[in-house]
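Just work-v2.txt here, compact mmCIF, C-alpha atoms and all ligand atoms:
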```txt
# COMPACT_ATOMS: atom_id res chain seq x y z
CA MET E 1 133.80 100.66 113.46
CA GLN E 2 136.25 101.92 116.06
CA LYS E 3 139.20 101.24 113.74
CA ARG E 4 137.70 103.29 110.94
CA ILE E 5 137.39 106.32 113.20
CA GLU E 6 141.02 106.05 114.27
CA SER E 7 142.17 106.02 110.69
CA LEU E 8 140.42 109.30 109.88
CA PRO E 9 142.27 112.64 109.92
CA ALA E 10 142.22 114.28 113.36
CA ARG E 11 139.91 117.11 112.25
CA LEU E 12 137.26 114.68 111.05
CA GLN E 13 137.58 112.58 114.19
CA LEU E 14 136.50 115.60 116.19
CA LEU E 15 133.39 115.98 114.06
CA ILE E 16 132.20 112.40 114.42
CA PRO E 17 131.13 112.36 118.08
CA ALA E 18 129.10 115.52 117.47
CA ALA E 19 127.40 114.07 114.41
CA CYS E 20 126.55 110.87 116.27
CA ALA E 21 125.18 112.81 119.19
CA VAL E 22 122.90 114.84 116.91
CA LEU E 23 121.58 111.84 115.00
CA LEU E 24 121.32 109.68 118.14
CA LEU E 25 121.94 106.63 115.97
CA PRO E 26 121.57 103.32 117.76
CA ALA E 27 124.55 100.99 117.58
CA SER E 28 122.51 98.75 115.27
CA ALA E 29 122.21 101.42 112.58
CA LEU E 30 125.98 101.57 112.37
CA ALA E 31 126.26 97.84 111.76
CA GLN E 32 128.23 96.99 108.67
CA PRO E 33 126.11 95.13 106.11
CA GLY E 34 127.09 91.48 105.96
CA ARG E 35 129.45 91.83 108.90
CA PHE E 36 128.74 88.25 110.01
CA ASP E 37 129.33 86.85 106.53
CA GLU E 38 132.67 85.33 107.42
CA ARG E 39 131.16 83.35 110.29
CA ILE E 40 128.17 82.49 108.13
CA SER E 41 130.55 81.19 105.45
CA ARG E 42 132.29 78.96 107.99
CA ALA E 43 128.97 77.61 109.21
CA ILE E 44 127.87 76.95 105.61
CA ALA E 45 131.13 75.11 104.90
CA GLY E 46 130.33 72.86 107.86
CA CYS E 47 126.81 71.93 106.75
CA GLU E 48 126.85 72.33 102.95
CA ALA E 49 127.43 68.66 102.09
CA SER E 50 124.71 67.38 104.39
CA ILE E 51 122.21 70.01 103.22
CA ILE E 52 122.87 69.13 99.57
CA ASP E 53 122.33 65.51 100.49
CA ILE E 54 118.99 66.50 102.05
CA ARG E 55 118.15 68.39 98.86
CA HIS E 56 118.75 65.21 96.83
CA GLN E 57 116.54 63.19 99.19
CA ILE E 58 113.72 65.72 98.94
CA HIS E 59 114.10 65.93 95.16
CA ALA E 60 114.01 62.15 94.77
CA ASN E 61 110.94 61.88 97.03
CA PRO E 62 108.63 64.72 95.98
CA GLU E 63 105.16 65.05 97.49
CA LEU E 64 102.15 66.99 96.23
CA GLY E 65 100.46 69.84 98.13
CA ASN E 66 98.94 68.93 101.52
CA ARG E 67 100.65 65.52 101.22
CA GLU E 68 104.18 66.60 102.23
CA PHE E 69 104.30 64.02 105.04
CA GLU E 70 107.86 62.72 104.66
CA THR E 71 109.28 66.12 103.75
CA ALA E 72 107.63 67.71 106.80
CA ALA E 73 108.92 64.92 109.05
CA MET E 74 112.45 65.44 107.74
CA VAL E 75 112.19 69.20 108.31
CA ALA E 76 110.74 68.82 111.81
CA GLY E 77 113.45 66.31 112.76
CA HIS E 78 116.16 68.64 111.51
CA LEU E 79 114.82 71.66 113.42
CA ALA E 80 114.37 69.62 116.60
CA SER E 81 117.94 68.31 116.32
CA LEU E 82 119.12 71.95 116.34
CA GLY E 83 117.13 72.69 119.50
CA ILE E 84 114.64 74.89 117.68
CA GLU E 85 111.05 74.99 119.01
CA VAL E 86 108.96 73.10 116.46
CA LYS E 87 105.26 72.97 115.71
CA THR E 88 103.95 70.48 113.13
CA GLY E 89 100.63 69.90 111.41
CA VAL E 90 100.12 73.61 110.65
CA ALA E 91 97.76 73.99 107.67
CA HIS E 92 97.80 70.17 107.27
CA THR E 93 101.52 69.42 106.82
CA GLY E 94 103.26 72.73 107.57
CA VAL E 95 106.15 73.00 110.00
CA VAL E 96 106.93 76.13 111.99
CA GLY E 97 110.09 76.67 114.01
CA ILE E 98 111.13 79.45 116.37
CA LEU E 99 114.79 80.14 117.09
CA ARG E 100 115.34 82.55 119.97
CA GLY E 101 118.52 84.57 119.69
CA GLY E 102 120.98 85.36 122.44
CA ARG E 103 119.96 89.03 122.56
CA PRO E 104 116.56 90.65 122.91
CA GLY E 105 114.89 91.99 119.79
CA PRO E 106 112.04 91.56 117.32
CA MET E 107 111.17 88.57 115.15
CA VAL E 108 112.00 88.07 111.49
CA ALA E 109 110.29 85.35 109.43
CA ILE E 110 111.65 83.27 106.55
CA ARG E 111 109.51 81.01 104.41
CA ALA E 112 110.11 77.98 102.19
CA ASP E 113 107.48 75.96 100.36
CA MET E 114 107.65 72.16 100.31
CA ASP E 115 105.20 70.91 97.66
CA ALA E 116 105.96 69.34 94.29
CA LEU E 117 103.96 69.18 91.05
CA PRO E 118 102.18 66.47 89.03
CA VAL E 119 104.95 66.46 86.40
CA THR E 120 106.92 63.44 85.20
CA GLU E 121 110.61 64.25 85.49
CA GLU E 122 112.70 63.98 82.34
CA THR E 123 116.13 65.06 83.58
CA ASP E 124 119.14 62.77 83.81
CA LEU E 125 120.04 63.90 87.33
CA PRO E 126 121.28 60.99 89.48
CA PHE E 127 118.71 61.96 92.15
CA ARG E 128 115.81 62.47 89.70
CA SER E 129 112.33 61.54 90.81
CA THR E 130 110.70 58.35 89.58
CA LYS E 131 107.74 58.74 91.95
CA ARG E 132 104.18 58.37 90.78
CA THR E 133 100.94 59.16 92.58
CA THR E 134 97.27 59.91 92.02
CA TYR E 135 96.17 63.46 91.32
CA ASN E 136 92.56 64.37 90.45
CA ASP E 137 91.87 60.64 89.97
CA MET E 138 94.68 60.30 87.42
CA GLU E 139 98.00 58.54 87.81
CA VAL E 140 100.79 61.09 87.40
CA GLY E 141 104.51 61.48 87.90
CA VAL E 142 105.63 63.80 90.71
CA MET E 143 108.53 66.23 90.41
CA HIS E 144 109.99 69.22 92.16
CA ALA E 145 109.62 71.12 88.90
CA CYS E 146 109.27 74.46 90.70
CA GLY E 147 112.43 74.04 92.79
CA HIS E 148 110.73 73.82 96.17
CA ASP E 149 113.28 71.12 97.08
CA ILE E 150 115.91 73.86 96.87
CA HIS E 151 113.75 76.28 98.90
CA THR E 152 113.20 73.71 101.66
CA SER E 153 116.79 72.51 101.89
CA VAL E 154 118.12 76.09 101.80
CA LEU E 155 115.88 77.03 104.71
CA MET E 156 117.02 73.95 106.64
CA GLY E 157 120.58 75.16 106.00
CA VAL E 158 119.68 78.64 107.24
CA ALA E 159 118.33 77.04 110.42
CA THR E 160 121.67 75.28 110.92
CA VAL E 161 123.70 78.43 110.27
CA LEU E 162 121.59 80.72 112.45
CA THR E 163 121.65 78.18 115.28
CA ASP E 164 125.43 78.35 115.02
CA LEU E 165 125.26 82.14 115.34
CA LYS E 166 122.44 82.09 117.88
CA GLU E 167 124.28 84.19 120.47
CA GLU E 168 124.71 86.99 117.91
CA LEU E 169 121.04 87.06 116.92
CA ALA E 170 119.40 90.24 118.15
CA GLY E 171 115.90 88.79 118.25
CA SER E 172 114.10 85.67 117.06
CA VAL E 173 113.61 83.87 113.79
CA LEU E 174 110.36 82.31 112.63
CA PHE E 175 110.94 79.47 110.15
CA ILE E 176 107.91 78.79 107.97
CA PHE E 177 107.93 75.52 106.03
CA GLN E 178 104.75 75.85 104.04
CA PRO E 179 102.68 73.22 102.24
CA ALA E 180 100.65 73.56 99.05
CA GLU E 181 102.07 76.74 97.53
CA GLU E 182 100.96 75.50 94.11
CA GLY E 183 97.40 75.23 95.41
CA ALA E 184 95.59 72.66 97.52
CA PRO E 185 93.96 69.59 95.95
CA ALA E 186 90.35 70.03 94.79
CA GLY E 187 87.99 70.46 97.73
CA GLU E 188 90.77 71.28 100.21
CA SER E 189 92.24 74.51 101.49
CA GLY E 190 95.91 75.06 102.14
CA GLY E 191 99.05 77.11 101.65
CA ALA E 192 100.01 80.49 103.07
CA SER E 193 96.45 81.71 103.56
CA LEU E 194 95.52 78.66 105.66
CA MET E 195 98.69 78.98 107.77
CA LEU E 196 97.73 82.59 108.51
CA GLU E 197 94.10 81.64 109.19
CA GLU E 198 95.38 79.13 111.71
CA GLY E 199 97.15 81.98 113.51
CA LEU E 200 100.71 81.82 112.21
CA PHE E 201 101.43 85.48 113.06
CA GLU E 202 99.14 85.70 116.10
CA GLY E 203 101.03 87.13 119.04
CA ILE E 204 104.35 86.88 117.20
CA GLU E 205 103.99 89.23 114.25
CA PRO E 206 107.37 89.47 112.52
CA VAL E 207 108.88 92.82 111.51
CA ALA E 208 109.80 91.41 108.11
CA VAL E 209 109.35 88.23 106.07
CA PHE E 210 111.85 86.92 103.52
CA ALA E 211 111.77 84.17 100.90
CA LEU E 212 113.51 83.15 97.73
CA HIS E 213 112.34 81.39 94.59
CA ILE E 214 114.65 79.69 92.16
CA ASP E 215 115.04 80.94 88.60
CA PRO E 216 116.44 78.17 86.36
CA GLN E 217 117.31 80.66 83.62
CA VAL E 218 119.59 82.79 85.83
CA PRO E 219 123.19 81.62 86.44
CA ALA E 220 123.86 79.97 89.80
CA GLY E 221 125.63 82.52 91.98
CA ASP E 222 123.40 85.40 90.93
CA ILE E 223 120.21 86.65 92.52
CA VAL E 224 117.62 88.91 90.92
CA TYR E 225 115.28 91.20 92.81
CA SER E 226 112.68 93.84 92.12
CA ILE E 227 111.52 96.78 94.19
CA GLY E 228 107.74 96.97 94.59
CA PRO E 229 105.80 94.53 92.38
CA ALA E 230 107.55 91.13 92.28
CA LEU E 231 104.88 88.67 91.15
CA ALA E 232 101.41 89.16 89.74
CA ALA E 233 97.92 88.71 91.10
CA SER E 234 96.17 85.81 89.42
CA ASP E 235 92.40 86.04 88.97
CA GLY E 236 90.07 83.84 86.96
CA PHE E 237 86.83 84.49 85.14
CA SER E 238 84.16 82.60 83.29
CA ILE E 239 81.39 84.08 81.19
CA THR E 240 78.28 82.29 80.00
CA VAL E 241 76.62 83.97 77.03
CA THR E 242 73.10 82.77 76.45
CA GLY E 243 71.17 83.28 73.20
CA LYS E 244 68.36 81.31 71.60
CA GLN E 245 69.05 78.07 69.78
CA THR E 246 67.87 77.75 66.21
CA HIS E 247 68.66 76.42 62.72
CA ALA E 248 71.93 77.79 61.38
CA ALA E 249 70.22 78.75 58.10
CA ARG E 250 67.52 80.74 59.93
CA PRO E 251 69.57 82.99 62.28
CA HIS E 252 66.83 85.64 62.40
CA THR E 253 64.65 83.24 64.38
CA GLY E 254 67.20 82.86 67.18
CA VAL E 255 69.90 84.77 69.07
CA ASP E 256 73.48 83.74 68.24
CA PRO E 257 75.73 83.43 71.34
CA ILE E 258 78.80 82.67 69.16
CA VAL E 259 78.65 86.12 67.57
CA MET E 260 78.10 87.79 70.97
CA ALA E 261 80.95 85.82 72.55
CA SER E 262 83.27 86.67 69.65
CA GLN E 263 82.56 90.36 70.13
CA LEU E 264 83.22 89.88 73.83
CA VAL E 265 86.68 88.37 73.27
CA LEU E 266 87.71 91.46 71.30
CA ALA E 267 86.00 93.95 73.61
CA LEU E 268 87.71 92.47 76.68
CA GLN E 269 91.05 93.41 75.13
CA THR E 270 90.06 97.07 75.30
CA ILE E 271 90.23 96.88 79.11
CA THR E 272 94.01 96.73 78.91
CA SER E 273 94.41 98.84 75.76
CA ARG E 274 91.84 101.58 76.44
CA THR E 275 90.76 101.62 80.08
CA LEU E 276 93.89 101.00 82.10
CA ASP E 277 96.87 103.32 82.28
CA PRO E 278 99.39 101.94 79.74
CA LEU E 279 101.96 101.88 82.55
CA ASP E 280 99.77 99.51 84.61
CA SER E 281 100.85 96.04 83.48
CA CYS E 282 97.91 93.72 83.03
CA VAL E 283 97.03 90.64 80.99
CA VAL E 284 93.45 89.63 80.13
CA THR E 285 93.42 86.28 78.33
CA VAL E 286 90.47 84.21 77.17
CA GLY E 287 91.94 80.72 77.28
CA MET E 288 88.83 78.67 76.49
CA PHE E 289 85.92 79.30 74.09
CA HIS E 290 83.37 76.51 74.18
CA GLY E 291 80.08 76.39 72.30
CA GLY E 292 78.10 74.49 69.73
CA GLU E 293 77.59 70.85 68.68
CA ARG E 294 76.92 70.89 64.94
CA SER E 295 77.69 73.11 61.98
CA ASN E 296 73.99 73.63 61.21
CA ILE E 297 72.84 74.62 64.70
CA ILE E 298 73.17 78.01 66.35
CA PRO E 299 73.69 76.95 69.96
CA GLU E 300 71.96 78.18 73.08
CA ASN E 301 75.14 78.95 75.10
CA VAL E 302 78.81 79.76 74.80
CA ARG E 303 81.22 79.64 77.72
CA LEU E 304 84.39 81.70 77.87
CA THR E 305 87.03 81.08 80.53
CA GLY E 306 90.20 83.04 81.17
CA THR E 307 92.74 84.59 83.47
CA VAL E 308 93.70 88.10 84.54
CA ARG E 309 97.19 88.99 85.78
CA SER E 310 98.05 92.33 87.32
CA TYR E 311 100.17 94.00 89.99
CA SER E 312 97.65 95.95 92.07
CA ASP E 313 94.28 95.60 93.70
CA ALA E 314 93.15 98.84 92.05
CA VAL E 315 93.78 97.30 88.62
CA ARG E 316 91.89 94.15 89.63
CA ASP E 317 88.92 96.26 90.73
CA THR E 318 88.89 98.13 87.42
CA VAL E 319 89.15 94.95 85.35
CA GLU E 320 86.27 93.31 87.21
CA GLN E 321 84.12 96.42 86.92
CA ARG E 322 84.75 96.89 83.18
CA MET E 323 84.30 93.18 82.50
CA THR E 324 80.88 93.30 84.18
CA GLU E 325 79.84 96.30 82.08
CA ILE E 326 81.17 94.87 78.80
CA VAL E 327 79.51 91.48 79.30
CA GLU E 328 76.20 93.06 80.12
CA GLY E 329 76.45 95.65 77.32
CA ILE E 330 77.33 93.22 74.54
CA ALA E 331 74.83 90.58 75.61
CA THR E 332 72.05 93.18 75.80
CA ALA E 333 72.97 94.63 72.41
CA GLY E 334 72.90 91.14 70.91
CA GLY E 335 69.54 90.27 72.39
CA GLY E 336 70.83 87.69 74.83
CA THR E 337 72.16 87.55 78.36
CA GLY E 338 75.62 87.27 79.84
CA GLU E 339 76.70 86.03 83.23
CA LEU E 340 80.16 86.75 84.60
CA THR E 341 81.87 84.94 87.45
CA TYR E 342 85.07 86.74 88.47
CA SER E 343 87.16 84.92 91.07
CA ARG E 344 89.96 86.59 92.94
CA GLY E 345 92.96 84.30 93.16
CA LEU E 346 96.35 85.05 94.65
CA PRO E 347 96.99 88.71 95.43
CA PRO E 348 99.98 90.49 93.86
CA THR E 349 103.31 89.95 95.60
CA ILE E 350 104.70 93.37 96.46
CA ASN E 351 108.23 93.71 97.79
CA ASP E 352 108.27 96.45 100.41
CA PRO E 353 110.40 99.16 98.75
CA ASP E 354 111.98 100.43 102.00
CA LEU E 355 112.78 96.90 103.14
CA VAL E 356 114.36 95.95 99.80
CA ARG E 357 116.45 99.12 99.58
CA SER E 358 117.69 98.70 103.13
CA MET E 359 118.73 95.08 102.50
CA ILE E 360 120.53 95.48 99.15
CA PRO E 361 123.84 96.46 100.84
CA THR E 362 123.63 93.24 102.86
CA LEU E 363 123.12 91.10 99.76
CA GLN E 364 125.88 92.92 97.90
CA ALA E 365 128.31 92.47 100.78
CA ALA E 366 127.47 88.77 101.05
CA LEU E 367 127.35 87.79 97.37
CA GLY E 368 129.32 90.52 95.58
CA ALA E 369 127.57 93.51 93.99
CA GLU E 370 127.88 92.03 90.49
CA HIS E 371 125.77 89.05 91.58
CA VAL E 372 122.88 91.11 92.94
CA ILE E 373 120.86 92.22 89.94
CA GLU E 374 117.71 94.31 89.75
CA GLY E 375 115.22 92.80 87.31
CA PRO E 376 111.61 93.09 86.16
CA PRO E 377 108.72 91.49 88.06
CA TRP E 378 107.23 88.18 86.92
CA MET E 379 103.71 87.63 85.61
CA ALA E 380 103.58 84.33 87.55
CA SER E 381 102.02 84.31 91.02
CA GLU E 382 103.17 83.26 94.50
CA ASP E 383 101.19 82.84 97.68
CA PHE E 384 104.05 84.52 99.58
CA SER E 385 101.86 87.53 98.76
CA TYR E 386 99.62 86.70 101.74
CA TYR E 387 102.48 87.16 104.23
CA ALA E 388 103.76 90.27 102.44
CA ARG E 389 100.31 91.86 102.74
CA LEU E 390 100.52 91.69 106.52
CA VAL E 391 104.15 92.56 107.19
CA PRO E 392 106.94 94.05 105.03
CA GLY E 393 108.06 91.29 102.68
CA PHE E 394 110.92 90.63 100.29
CA ILE E 395 111.13 87.68 97.89
CA PHE E 396 114.01 87.44 95.43
CA PHE E 397 115.01 85.01 92.70
CA LEU E 398 117.93 82.65 93.17
CA GLY E 399 119.75 81.67 89.99
CA THR E 400 120.20 77.90 89.64
CA LEU E 401 121.56 77.51 86.10
CA LYS E 402 124.88 75.70 85.93
CA GLU E 403 127.33 77.23 83.46
CA GLY E 404 127.43 75.38 80.15
CA THR E 405 124.11 73.59 80.72
CA VAL E 406 120.54 74.16 79.61
CA SER E 407 117.50 73.86 81.86
CA GLY E 408 113.80 73.65 81.16
CA ASP E 409 111.83 76.47 82.73
CA LEU E 410 109.85 76.18 85.95
CA HIS E 411 107.11 73.50 85.81
CA ASN E 412 108.87 71.84 82.84
CA PRO E 413 109.85 68.12 83.04
CA GLY E 414 113.40 69.11 82.06
CA MET E 415 113.87 71.75 84.78
CA ARG E 416 117.19 71.24 86.57
CA ALA E 417 118.45 73.39 89.43
CA ASP E 418 122.13 73.11 90.28
CA ASP E 419 123.33 72.23 93.79
CA SER E 420 125.77 75.14 93.73
CA ALA E 421 122.84 77.51 94.30
CA VAL E 422 122.13 75.97 97.72
CA PRO E 423 124.99 77.65 99.65
CA VAL E 424 124.27 80.92 97.82
CA GLY E 425 120.67 80.84 99.02
CA ILE E 426 121.73 79.97 102.57
CA ARG E 427 124.26 82.82 102.60
CA ALA E 428 121.78 85.36 101.25
CA LEU E 429 118.94 84.51 103.65
CA SER E 430 121.17 84.11 106.73
CA ASN E 431 122.74 87.52 106.18
CA LEU E 432 119.34 89.11 105.54
CA VAL E 433 117.93 87.80 108.81
CA ILE E 434 120.90 88.78 110.96
CA ASP E 435 121.21 92.26 109.45
CA ARG E 436 117.46 92.90 109.53
CA LEU E 437 117.37 92.15 113.25
CA LEU E 438 120.27 94.55 113.78
CA LEU E 439 118.67 97.24 111.62
CA GLU E 440 115.41 96.89 113.53
CA GLY E 441 117.33 97.92 116.59
CA GLY E 442 117.30 94.50 118.15
CA GLU E 443 120.91 94.86 119.27
CA ARG E 444 121.40 96.20 122.76
ZN ZN K 1 105.38 76.71 90.73
ZN ZN K 2 107.26 77.76 93.10
```
Now that the file is in, can you turn its structure into structure tokens?
Amino acid sequence: MQKRIESLPARLQLLIPAACAVLLLPASALAQPGRFDERISRAIAGCEASIIDIRHQIHANPELGNREFETAAMVAGHLASLGIEVKTGVAHTGVVGILRGGRPGPMVAIRADMDALPVTEETDLPFRSTKRTTYNDMEVGVMHACGHDIHTSVLMGVATVLTDLKEELAGSVLFIFQPAEEGAPAGESGGASLMLEEGLFEGIEPVAVFALHIDPQVPAGDIVYSIGPALAASDGFSITVTGKQTHAARPHTGVDPIVMASQLVLALQTITSRTLDPLDSCVVTVGMFHGGERSNIIPENVRLTGTVRSYSDAVRDTVEQRMTEIVEGIATAGGGTGELTYSRGLPPTINDPDLVRSMIPTLQAALGAEHVIEGPPWMASEDFSYYARLVPGFIFFLGTLKEGTVSGDLHNPGMRADDSAVPVGIRALSNLVIDRLLLEGGER
């Protein structure tokens, strides 16, 4: 910073002290984005091979939600070997680490999820999973088909890098290795909400929380982010329409729930097309329509089941309200009854606009502006939303597609994420944490 002032014309140099005095900017606000990137790069060069090896081990040994025993042990061992304070058994198998920097300042959190999916891997990767387990009483293959092996190994790499730069850290770092992002097994609770219920942020509320998620359709080396909505809320509903069973040839003696339910399927589409603002993205899908046993019987009941995706709580409220009215209205008009169960699932994941805008220069400095791309939000959901509801959050997508190859999408047996994305993820998150602490005024 000093050098830049010296290189300015003399007249401008005179103006600068005055301007600084007026704005009273702390030293931290003048920090150059990504100014530690060179040291971060050196630290990454030192640990990259071992972290990629860890990634292969995690990928070859995937574990389902709330069963991440070996993965958690590997994470905890790694953090402990770095001298980071470690707590295990959080929300069943979660691991939390705290790294205290060499300078006073606030805390920034970073999260990775560790769970795999009941998917049988079909890639030809040398470290592909051949594991099998039992899920919902069925024997299934297990695969890191959502890339959480990359998330976990990247965060372990970030822990190594930030430990290396510990003396420069103007505050502390909370490492969150979370179980069961894809949902806990039937009858169990888990994931981000359980970690928070168990007091994850109690007494140590971070000033910001960061995470990444892989995108197997984006080239490795690139990251994609959105400002505001990043991932959707995911709600579920089921509707039971009850009529009066009778002979199919004598419909006037009964009440037909198939006709009422058919009208309902169409009427529910008017919530998005006629009630909501066209600029409010929302999906209402009836995915199951079950009713009837024989062609010559009008059944007693029909059951509809579906999902609602949206980006705001206000939209969710409106959808639930209109759904209640439509179900009741159509069932009454048809002479039957309708019962709606609307269940709120994951909340929408909203990237804090101020946080994202303030961190883009850091990402651009670290990765090159051409590799930091603004993109649309996803209609998929993420339980990172629970953290981002409490403190400013920023999740971005890390490209993992190797040039000249094809990958299945997330949750597909042919999904393949390239190792070259690992150092990119470590670089992005390490720079974000260091710069965020500086921007928060942690530097003294
Ligand atoms: Zn997933
Ligand atoms: Zn995922």
Item checked: Radius query 10 Å about (100.1, 90.6, 107.2), atoms used: only C-alpha atoms, as number ranges by chain -> E: 196, 201, 205-206, 208-209, 385-393
Residues of segment 342-419 of chain E that approach segment 108-119 of chain E to 10 Å or less, counting all atoms listed in the file: could you list each one with the shortest pair of atoms and its distance in Å to one decimal, rows by chain and increasing residue number, as JSON lines?
```
{"residue": "E:Asp383", "atom": "CA", "partner": "E:Asp113", "partner_atom": "CA", "distance": 9.7}
{"residue": "E:Phe384", "atom": "CA", "partner": "E:Arg111", "partner_atom": "CA", "distance": 8.1}
{"residue": "E:Tyr387", "atom": "CA", "partner": "E:Arg111", "partner_atom": "CA", "distance": 9.3}
{"residue": "E:Val391", "atom": "CA", "partner": "E:Ala109", "partner_atom": "CA", "distance": 9.7}
{"residue": "E:Gly393", "atom": "CA", "partner": "E:Ala109", "partner_atom": "CA", "distance": 9.3}
{"residue": "E:Phe394", "atom": "CA", "partner": "E:Ile110", "partner_atom": "CA", "distance": 9.7}
{"residue": "E:Ile395", "atom": "CA", "partner": "E:Arg111", "partner_atom": "CA", "distance": 9.5}
{"residue": "E:His411", "atom": "CA", "partner": "E:Val119", "partner_atom": "CA", "distance": 7.4}
{"residue": "E:Asn412", "atom": "CA", "partner": "E:Val119", "partner_atom": "CA", "distance": 7.5}
{"residue": "E:Pro413", "atom": "CA", "partner": "E:Val119", "partner_atom": "CA", "distance": 6.2}
{"residue": "E:Gly414", "atom": "CA", "partner": "E:Val119", "partner_atom": "CA", "distance": 9.9}
```
Checklist line | Atomic separation - atom CA of Pro62 of chain E relative to atom CA of Gly46 of chain E, Å | finding: 26.0 Å
Next item on the list: Could you give me the residues within 9 Å of ligand ZN 1 (chain K), counting only C-alpha atoms and all ligand atoms, as a PyMOL selection string?
Entry: chain E and resi 116-117+144-148+181-182+380-382+410-411
Item checked: Best match for closeness to Ser193 of chain E among E:Val284, E:Leu169, E:Val308, E:Leu346, counting all atoms listed in the file ->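 Distance minimum relative to Ser193 of chain E lands on E:Leu346.
Of the residues listed (E:Gln321, E:Thr272, E:Thr305, E:Gln178), E:Gln178 shows the shortest atom-to-atom separation from ligand ZN 2 (chain K); distances use all atoms listed in the file.
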Check: Mind pulling up the distance from atom CA of Phe397 of chain E to atom CA of Pro377 of chain E?
Finding: 10.2 Å
Next item on the list: Find the residues around Thr123 of chain E up to 12 Å (all atoms listed in the file counted), leave out those fewer than 3 positions away in its own chain, and share them as a PyMOL selection string.
Entry: chain E and resi 59-60+119-120+126-130+143-145+406-408+412-417
Margin query: Rounded to one decimal, what separation in Å do you get between atom CA of Ala331 of chain E and atom CA of Arg274 of chain E?
Written below: 20.3 Å
Who sits within 12 Å of Ala249 of chain E, all atoms listed in the file, same chain under 4 positions skipped, as a compact mmCIF listing (two decimals) with C-alpha atoms, in the coordinates of the input:
```
# COMPACT_ATOMS: atom_id res chain seq x y z
CA GLN E 245 69.05 78.07 69.78
CA THR E 253 64.65 83.24 64.38
CA GLY E 254 67.20 82.86 67.18
CA ASP E 256 73.48 83.74 68.24
CA SER E 295 77.69 73.11 61.98
CA ASN E 296 73.99 73.63 61.21
CA ILE E 297 72.84 74.62 64.70
CA ILE E 298 73.17 78.01 66.35
```
Check: Nearest to ligand ZN 2 (chain K) among E:Asp277, E:Asp124, E:Glu374, E:Asp215, with distances taken over all atoms listed in the file: which residue is it?
Finding: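 Ranking E:Asp277, E:Asp124, E:Glu374, E:Asp215 by distance to ligand ZN 2 (chain K), first place goes to E:Asp215.
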Checklist line | Spatial sel., origin (123.5, 74.8, 103.8), limit 12 Å, only C-alpha atoms, listed as a ChimeraX atom specification | finding: /E:40-55,150-162,164,419-430
Note to self: Nearest residue to Pro229 of chain E out of E:Phe289, E:Phe69, E:Phe36, E:Tyr311, using only C-alpha atoms?
What the structure shows: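 Under the stated criterion, the closest residue is E:Tyr311.
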Check: Which one is closest to Leu64 of chain E: E:Ser312, E:Ser81, E:Gln364, E:Thr93? Count all atoms listed in the file.
Finding: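 The closest residue to Leu64 of chain E is E:Thr93.
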Notebook entry, point to check: Which residue gives the smallest distance to ligand ZN 2 (chain K) among E:Lys131, E:Arg39, E:His213, E:Lys87, with only C-alpha atoms and all ligand atoms counted?
Noted result: E:His213
Note to self: List the spatial neighbours of Gly221 of chain E as an NGL selection string - criterion: any atom at most 8 Å away, all atoms listed in the file, same-chain residues fewer than 2 positions off excluded.
What the structure shows: :E and (219 or 223 or 367 or 371 or 398-400 or 420-421 or 424)
Can you tell me, as a CSV table (one decimal) with C-alpha atoms, keeping the file's coordinate frame, what residues are no more than 8 Å from segment 236-238 of chain E when counting all atoms listed in the file, ignoring any on the same chain fewer than 4 positions away?
```csv
chain,number,residue,atom,x,y,z
E,303,ARG,CA,81.2,79.6,77.7
E,304,LEU,CA,84.4,81.7,77.9
E,305,THR,CA,87.0,81.1,80.5
E,306,GLY,CA,90.2,83.0,81.2
E,307,THR,CA,92.7,84.6,83.5
E,308,VAL,CA,93.7,88.1,84.5
E,340,LEU,CA,80.2,86.8,84.6
E,341,THR,CA,81.9,84.9,87.4
E,342,TYR,CA,85.1,86.7,88.5
E,343,SER,CA,87.2,84.9,91.1
E,344,ARG,CA,90.0,86.6,92.9
E,345,GLY,CA,93.0,84.3,93.2
```
Put a box with edges along x, y and z around all the listed atoms of segment 238-256 of chain E, pad it by 4 Å on each side, then give me its centre and sizes in Å, one decimal, as AutoDock Vina command-line options.
```
--center_x 74.4 --center_y 81.0 --center_z 70.7 --size_x 27.5 --size_y 17.2 --size_z 33.2
```
